[in-house]
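Below is one structure, written out as structure tokens, with a few remarks after it.
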Amino acid sequence: AATLAKLSLRLNRAAGFSATGCSRALPGTILITDEVRLPDPLPSAAALPRGSAIILRHYDCPGREALARALMALCRQNGLRLLIAGDWRLAWKLNAHGIHLPEWQVRRPPPLKRKPGWLITAAAHSPAAVRRAARQDVDAALLSPVFATASHPGAVELGTVRFANWVRGAPLPVYGLGGISAANGNRLLHSGAAGIAAISGLAS
């Protein structure tokens, strides 16, 4: 996890999104929670470097709000940002740092009340989806799956060449997501990605 986080920070700096106070500053690393593969994300979140972000999915978890509050407390303590996936009302209620939109929600955007300073990311699986996200004033897209991933077994992986080509043609910053690990992550070093988002790859 530490190796992958360092690699993600290298990508972030190379793409020009790591400067403190920069109007386009973006997290270097994004941890994504998952009810099955990362049921307790707190230890992994605590190991993230300052400036990283956490996307809380846990969509069907009965204790989602309680988990979000615990993550918010950790974020304030460790200099992290928390994005709530699919629920801007919960993000607003908890004074979170932003939201993450699943791809279906980018197609049918909610009546979003965006707070000043919010970071908004969106899931994407194609160049068309990335362009739709840009039209919705999204700050960055999470493009997947770069490699074969347990989250979407059987999904066709993009591979490094196609991923890099899509990143270069994107109208907004793009993170790599899906099957990225310390073993294969260095293949993205010259892709132009803003960083790496992961579940298992950042699990501690």
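Residues in the structure tokens are numbered from 1 in each chain, the chains being A, B, ... in the order shown, and ligands are numbered from 1 in the order shown.
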Mind checking which residues fall within 12 Å of A:Arg10, counting only C-alpha atoms, ignoring those fewer than 6 positions away in the same chain, and posting them as an MDAnalysis selection string? chainID A and resid 3:4 16:18 27:29 185:186 188:196
I'd like a table as a tab-separated table: residues in stretch 95-149 of chain A with an atom no more than 9 Å from stretch 159-175 of chain A, each row giving the shortest atom pair and its distance in Å to one decimal, only C-alpha atoms counted, sorted by chain and rising residue number.
residue	atom	partner	partner_atom	distance
A:Ser126	CA	A:Trp166	CA	8.1
A:Pro127	CA	A:Trp166	CA	6.3
A:Val130	CA	A:Ala170	CA	6.8
A:Arg131	CA	A:Pro171	CA	6.6
A:Ala133	CA	A:Leu172	CA	8.5
A:Ala134	CA	A:Leu172	CA	6.2
A:Val138	CA	A:Leu172	CA	8.0
A:Asp139	CA	A:Leu172	CA	6.8
A:Ala140	CA	A:Pro173	CA	4.8
A:Ala141	CA	A:Val174	CA	4.8
A:Leu142	CA	A:Tyr175	CA	4.8
A:Leu143	CA	A:Tyr175	CA	6.1
A:Ser144	CA	A:Phe163	CA	8.6
A:Pro145	CA	A:Gly159	CA	8.3
A:Val146	CA	A:Gly159	CA	5.4
A:Phe147	CA	A:Gly159	CA	6.0
A:Ala148	CA	A:Gly159	CA	8.9
If you run DSSP on this backbone, which residues of stretch 89-135 of chain A come out as alpha helix (DSSP H), and could you give them as a VMD selection string? chain A and resid 89 to 94 103 to 107 127 to 135
Stretch 10-196 of chain A: which residues are strand (DSSP E or B) by DSSP, as a PyMOL selection string? chain A and resi 29-32+34+38+53-56+81-85+98-101+119-124+140-143+174-177+195-196
Keeping N, CA, C and O atoms, export the residues of the selection given above as a short mmCIF file (atom, residue, chain, number, x, y, z; two decimals), in the first residue's frame.
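Result went into again01.cif, see below:
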data_model
loop_
_atom_site.label_atom_id
_atom_site.label_comp_id
_atom_site.auth_asym_id
_atom_site.auth_seq_id
_atom_site.Cartn_x
_atom_site.Cartn_y
_atom_site.Cartn_z
N THR A 29 -3.54 10.40 -4.08
CA THR A 29 -3.97 9.01 -3.92
C THR A 29 -5.43 8.99 -3.47
O THR A 29 -5.83 9.83 -2.67
N ILE A 30 -6.19 8.04 -3.98
CA ILE A 30 -7.59 7.92 -3.59
C ILE A 30 -7.87 6.48 -3.15
O ILE A 30 -7.71 5.54 -3.93
N LEU A 31 -8.28 6.33 -1.91
CA LEU A 31 -8.71 5.03 -1.39
C LEU A 31 -10.22 4.92 -1.55
O LEU A 31 -10.96 5.84 -1.18
N ILE A 32 -10.67 3.80 -2.10
CA ILE A 32 -12.11 3.57 -2.28
C ILE A 32 -12.55 2.47 -1.32
O ILE A 32 -11.92 1.40 -1.26
N ASP A 34 -15.13 -0.45 0.25
CA ASP A 34 -15.96 -1.51 -0.34
C ASP A 34 -16.46 -2.40 0.79
O ASP A 34 -15.66 -2.85 1.63
N LEU A 38 -13.19 -4.37 1.56
CA LEU A 38 -12.57 -3.52 2.58
C LEU A 38 -13.65 -3.07 3.56
O LEU A 38 -13.98 -1.89 3.63
N ALA A 53 -7.24 11.23 -0.57
CA ALA A 53 -8.69 11.28 -0.45
C ALA A 53 -9.25 9.88 -0.25
O ALA A 53 -8.62 8.89 -0.60
N ILE A 54 -10.43 9.84 0.33
CA ILE A 54 -11.16 8.59 0.54
C ILE A 54 -12.53 8.74 -0.09
O ILE A 54 -13.21 9.75 0.14
N ILE A 55 -12.93 7.78 -0.90
CA ILE A 55 -14.28 7.75 -1.43
C ILE A 55 -15.06 6.70 -0.66
O ILE A 55 -14.74 5.51 -0.72
N LEU A 56 -16.07 7.14 0.08
CA LEU A 56 -16.90 6.21 0.85
C LEU A 56 -18.00 5.68 -0.05
O LEU A 56 -18.91 6.41 -0.43
N ARG A 81 -9.05 14.01 2.66
CA ARG A 81 -10.35 14.50 2.20
C ARG A 81 -11.32 13.32 2.03
O ARG A 81 -10.94 12.27 1.51
N LEU A 82 -12.55 13.52 2.46
CA LEU A 82 -13.56 12.48 2.35
C LEU A 82 -14.61 12.89 1.32
O LEU A 82 -15.20 13.97 1.41
N LEU A 83 -14.84 12.00 0.35
CA LEU A 83 -15.88 12.18 -0.65
C LEU A 83 -16.94 11.11 -0.41
O LEU A 83 -16.62 9.93 -0.23
N ILE A 84 -18.19 11.51 -0.42
CA ILE A 84 -19.30 10.56 -0.25
C ILE A 84 -19.81 10.15 -1.63
O ILE A 84 -20.17 11.01 -2.44
N ALA A 85 -19.86 8.86 -1.89
CA ALA A 85 -20.30 8.38 -3.20
C ALA A 85 -21.82 8.37 -3.28
O ALA A 85 -22.50 7.81 -2.41
N GLY A 98 -16.48 16.60 -0.40
CA GLY A 98 -17.00 16.50 -1.75
C GLY A 98 -17.80 15.23 -1.95
O GLY A 98 -18.16 14.53 -0.99
N ILE A 99 -18.06 14.93 -3.22
CA ILE A 99 -18.84 13.73 -3.56
C ILE A 99 -18.20 13.01 -4.74
O ILE A 99 -17.41 13.57 -5.49
N HIS A 100 -18.58 11.74 -4.88
CA HIS A 100 -18.19 10.94 -6.02
C HIS A 100 -19.46 10.46 -6.71
O HIS A 100 -20.37 9.95 -6.06
N LEU A 101 -19.52 10.62 -8.02
CA LEU A 101 -20.71 10.24 -8.78
C LEU A 101 -20.45 8.92 -9.52
O LEU A 101 -19.53 8.84 -10.34
N LEU A 119 -14.71 18.91 -3.79
CA LEU A 119 -14.07 18.13 -4.84
C LEU A 119 -15.11 17.13 -5.34
O LEU A 119 -15.71 16.41 -4.54
N ILE A 120 -15.33 17.09 -6.64
CA ILE A 120 -16.29 16.15 -7.22
C ILE A 120 -15.58 15.27 -8.23
O ILE A 120 -14.95 15.76 -9.17
N THR A 121 -15.67 13.96 -8.01
CA THR A 121 -15.11 12.99 -8.94
C THR A 121 -16.24 12.14 -9.51
O THR A 121 -17.35 12.12 -8.97
N ALA A 122 -15.93 11.45 -10.60
CA ALA A 122 -16.95 10.61 -11.25
C ALA A 122 -16.31 9.35 -11.80
O ALA A 122 -15.16 9.37 -12.25
N ALA A 123 -17.07 8.27 -11.78
CA ALA A 123 -16.62 7.01 -12.38
C ALA A 123 -16.82 7.08 -13.89
O ALA A 123 -17.78 7.68 -14.38
N ALA A 124 -15.90 6.46 -14.62
CA ALA A 124 -16.00 6.43 -16.08
C ALA A 124 -15.36 5.16 -16.60
O ALA A 124 -14.38 4.66 -16.04
N ALA A 140 -12.52 15.55 -11.60
CA ALA A 140 -11.67 14.47 -12.08
C ALA A 140 -12.49 13.21 -12.29
O ALA A 140 -13.50 13.00 -11.60
N ALA A 141 -12.05 12.39 -13.22
CA ALA A 141 -12.71 11.12 -13.49
C ALA A 141 -11.83 9.96 -13.04
O ALA A 141 -10.61 10.04 -13.11
N LEU A 142 -12.48 8.89 -12.59
CA LEU A 142 -11.78 7.66 -12.24
C LEU A 142 -12.06 6.66 -13.35
O LEU A 142 -13.19 6.15 -13.47
N LEU A 143 -11.07 6.42 -14.19
CA LEU A 143 -11.24 5.60 -15.39
C LEU A 143 -10.83 4.16 -15.09
O LEU A 143 -9.72 3.90 -14.63
N VAL A 174 -7.63 12.66 -14.98
CA VAL A 174 -8.09 11.27 -14.90
C VAL A 174 -7.20 10.47 -13.96
O VAL A 174 -5.97 10.56 -14.02
N TYR A 175 -7.84 9.68 -13.08
CA TYR A 175 -7.15 8.73 -12.22
C TYR A 175 -7.31 7.33 -12.79
O TYR A 175 -8.35 7.00 -13.37
N GLY A 176 -6.30 6.51 -12.59
CA GLY A 176 -6.40 5.10 -12.95
C GLY A 176 -7.03 4.31 -11.83
O GLY A 176 -6.73 4.53 -10.65
N LEU A 177 -7.91 3.37 -12.18
CA LEU A 177 -8.59 2.54 -11.20
C LEU A 177 -8.77 1.14 -11.78
O LEU A 177 -9.04 0.98 -12.97
N GLY A 195 -3.18 10.43 -10.84
CA GLY A 195 -2.92 9.61 -9.67
C GLY A 195 -3.60 8.26 -9.81
O GLY A 195 -4.08 7.90 -10.89
N ILE A 196 -3.65 7.54 -8.70
CA ILE A 196 -4.20 6.19 -8.67
C ILE A 196 -5.29 6.12 -7.63
O ILE A 196 -5.16 6.65 -6.52
#
When you look at stretch 68-77 of chain A with a cut-off of 12 Å (counting only C-alpha atoms), what residues show up, excluding the ones that are within fewer than 5 positions of it in the same chain? I need them as an MDAnalysis selection string. chainID A and resid 31 33 40:59 61:63 82:85 87 90:98
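Counting only C-alpha atoms, the residue from A:Gly86, A:Ala128, A:Ala15, A:Arg37 that sits nearest to A:Ser204 is A:Arg37.
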Taken to one decimal, the atom CA of A:Ser181-atom CA of A:Asn12 distance is 16.3 Å
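Distance check against A:Ala182 using only C-alpha atoms: of A:Leu80, A:Val156, A:Leu112, A:Leu202, the minimum falls on A:Leu202.
With only C-alpha atoms as the atoms that count, the minimum distance from A:Ala129 to the choices A:Val106, A:Ala25, A:Ala150, A:Ala155 is reached by A:Val106.
What separates atom CA of A:Asn184 from atom CA of A:His125 is a distance of 19.7 Å.
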